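Chemist: Could you have a look at this structure, given as C-alpha cells, before my questions?
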Amino acid sequence: MKAEDLRALQEPLKAAYKEDPAAAVATLHARGTVNFETLACNVDSPDTSNGVTSSGLHPKAGGDGQLACSGDMLLQSLVACSGVTLAAVTTAMGLSISSAVVMAEGVMDFRGTLGVDRSVPIGLTSVSLTFQLATDEADDKIEKLIQLTERYCVVLQTLAAGVSVTSQRGPA
C-alpha cells in the first residue's frame, strides 16, 4: 500500500472522529470457554482453522507445552500490533523497508503465580521489543519510525500505561 492509499482510507475516519468524538469509541471483545478437565481455555479465534486457540498452563506452571501459554499470547498480541503499526507508519512516512521481523520477549518468575513466594510479582516483570529491519533508510528515519510505532501501538501503550481492569460475575 502507498501512503496516499492509506491517507485515503483514514482521512474520512479522522474527519468523522473530529466531528463526533464518540464515533471513534469501540468496545473490543474476547471470549473463551473454560475446560476444567484439561485446565485450558478455548479462546474464540475466528481466523484459525478450527475457530479457537487453546490456552493452557506454561510448562513452568505444570503444563505440558502442548497449548498456547497466555503470557506468550500476550507477547504475540504485542508483536502483532507492533507489526501492523510499523507497516502503517512505514507507509505513511514513505519509507522503503524490504522486510521486517518483530520480536517480543518477556521475563516472568513463576514463583509468584504458583504462590511459592508472595513477594515475587505475578506476571511479566519486563518486556522488550526488537525490530529487525532490512532497509537502506537513514538511521534517524528508522529511529523516528520506531518511536512512532511505539507511540501508536495500542497494545504497547496499554501495557506501558497500565489500564484499569475489573472483574465481575455474569449470568451463567
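Residue numbers start at 1 in each chain; chains themselves are named A, B, ... in the order of the C-alpha cells; ligands are numbered from 1 in the order shown.
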With the cut-off set at 9 Å and counting only C-alpha atoms, tabulate each residue of region 91-138 of chain A with an atom at most that distance from an atom of region 50-66 of chain A, showing the nearest atom pair and its distance in Å to one decimal, ordered by chain and increasing number, as a tab-separated table.

Modeler:
residue	atom	partner	partner_atom	distance
A:Phe110	CA	A:Lys60	CA	6.7
A:Arg111	CA	A:Ala61	CA	8.9
A:Thr113	CA	A:Ala61	CA	8.0
A:Leu114	CA	A:Ala61	CA	6.9

Chemist: Taking the DSSP assignment computed from this structure's backbone, write out as an NGL selection string all residues of chain A that belong to strand (DSSP E or B).

Modeler: :A and (32-35 or 40-44 or 52-56 or 68-69 or 97-108 or 124-135)

Chemist: If you run DSSP over the backbone, which residues in region 37-170 of chain A end up helix (DSSP H, G or I)? Put them as a ChimeraX atom specification.

Modeler: /A:59-61,70-93,110-113,139-152,154-161

Chemist: In Å, with one decimal, what is the gap from CA of Glu150 (chain A) to CA of Ser82 (chain A)?

Modeler: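 A separation of 7.3 Å between them.
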
Chemist: From the set A:Val165, A:Val79, A:Val84, A:Met1, which residue has the shortest atom-to-atom contact distance to Thr130 (chain A), counting only C-alpha atoms?

Modeler: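 Smallest separation from Thr130 (chain A) among the options: A:Val79.
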
Chemist: For Met93 (chain A), which residue out of A:Thr27, A:Ser126, A:Gln132, A:Thr149 is the nearest one, using only C-alpha atoms?

Modeler: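 Smallest separation from Met93 (chain A) among the options: A:Thr149.
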
Chemist: Quick one: residues within 8 Å of Met108 (chain A), only C-alpha atoms, excluding same-chain residues fewer than 3 positions away - as a PDB file with C-alpha atoms, in the first residue's frame?

Modeler:
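Here's the written file around_0.pdb:
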ATOM      1  CA  ILE A 122       2.710 -12.299  39.410  1.00  0.00           C
ATOM      2  CA  GLY A 123       3.052 -11.882  35.663  1.00  0.00           C
ATOM      3  CA  LEU A 124       5.638 -10.445  33.355  1.00  0.00           C
ATOM      4  CA  THR A 125       8.069  -8.099  35.073  1.00  0.00           C
ATOM      5  CA  SER A 126       9.719  -6.806  31.910  1.00  0.00           C
TER       6      SER A 126
END

Chemist: Which residues, written as a list in words, have at least one atom at most 12 Å from Ile142 (chain A), with only C-alpha atoms counted and residues fewer than 3 positions away on the same chain left out?

Modeler: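 Surrounding residues, per the criterion: Leu86, Val89, Thr90, Met93, Gly94, Leu95, Ser96, Ile97, Ala100, Phe131, Gln132, Leu133, Ala134, Thr135, Asp136, Glu137, Ala138, Asp139, Leu145, Ile146, Gln147, Leu148 and Thr149 of chain A.
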
Chemist: List the neighbours of Leu75 (chain A) out to 8 Å using only C-alpha atoms; skip same-chain residues closer than 6 positions along the sequence, and give me the result as a short mmCIF file (atom, residue, chain, number, x, y, z; two decimals) with N, CA and C atoms, in the first residue's frame.

Modeler:
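In the end it all went to result.cif:
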data_model
loop_
_atom_site.label_atom_id
_atom_site.label_comp_id
_atom_site.auth_asym_id
_atom_site.auth_seq_id
_atom_site.Cartn_x
_atom_site.Cartn_y
_atom_site.Cartn_z
N ALA A 104 9.15 -10.08 20.57
CA ALA A 104 8.93 -9.62 21.94
C ALA A 104 9.43 -10.70 22.88
N GLU A 105 9.99 -10.25 23.98
CA GLU A 105 10.48 -11.17 25.00
C GLU A 105 10.02 -10.65 26.35
N GLY A 106 9.47 -11.53 27.16
CA GLY A 106 9.02 -11.15 28.48
C GLY A 106 9.64 -12.03 29.54
#

Chemist: Can you work out which one of A:Ala68, A:Val155, A:Ala80, A:Ser98 has the shortest atom-to-atom distance to Leu39 (chain A), counting only C-alpha atoms?

Modeler: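 Of all the options, A:Ala68 lies closest to Leu39 (chain A).
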
Chemist: With distances taken over only C-alpha atoms, which residue among A:His29, A:Thr85, A:Ala40, A:Asn35 lies nearest Leu67 (chain A)?

Modeler: A:Ala40
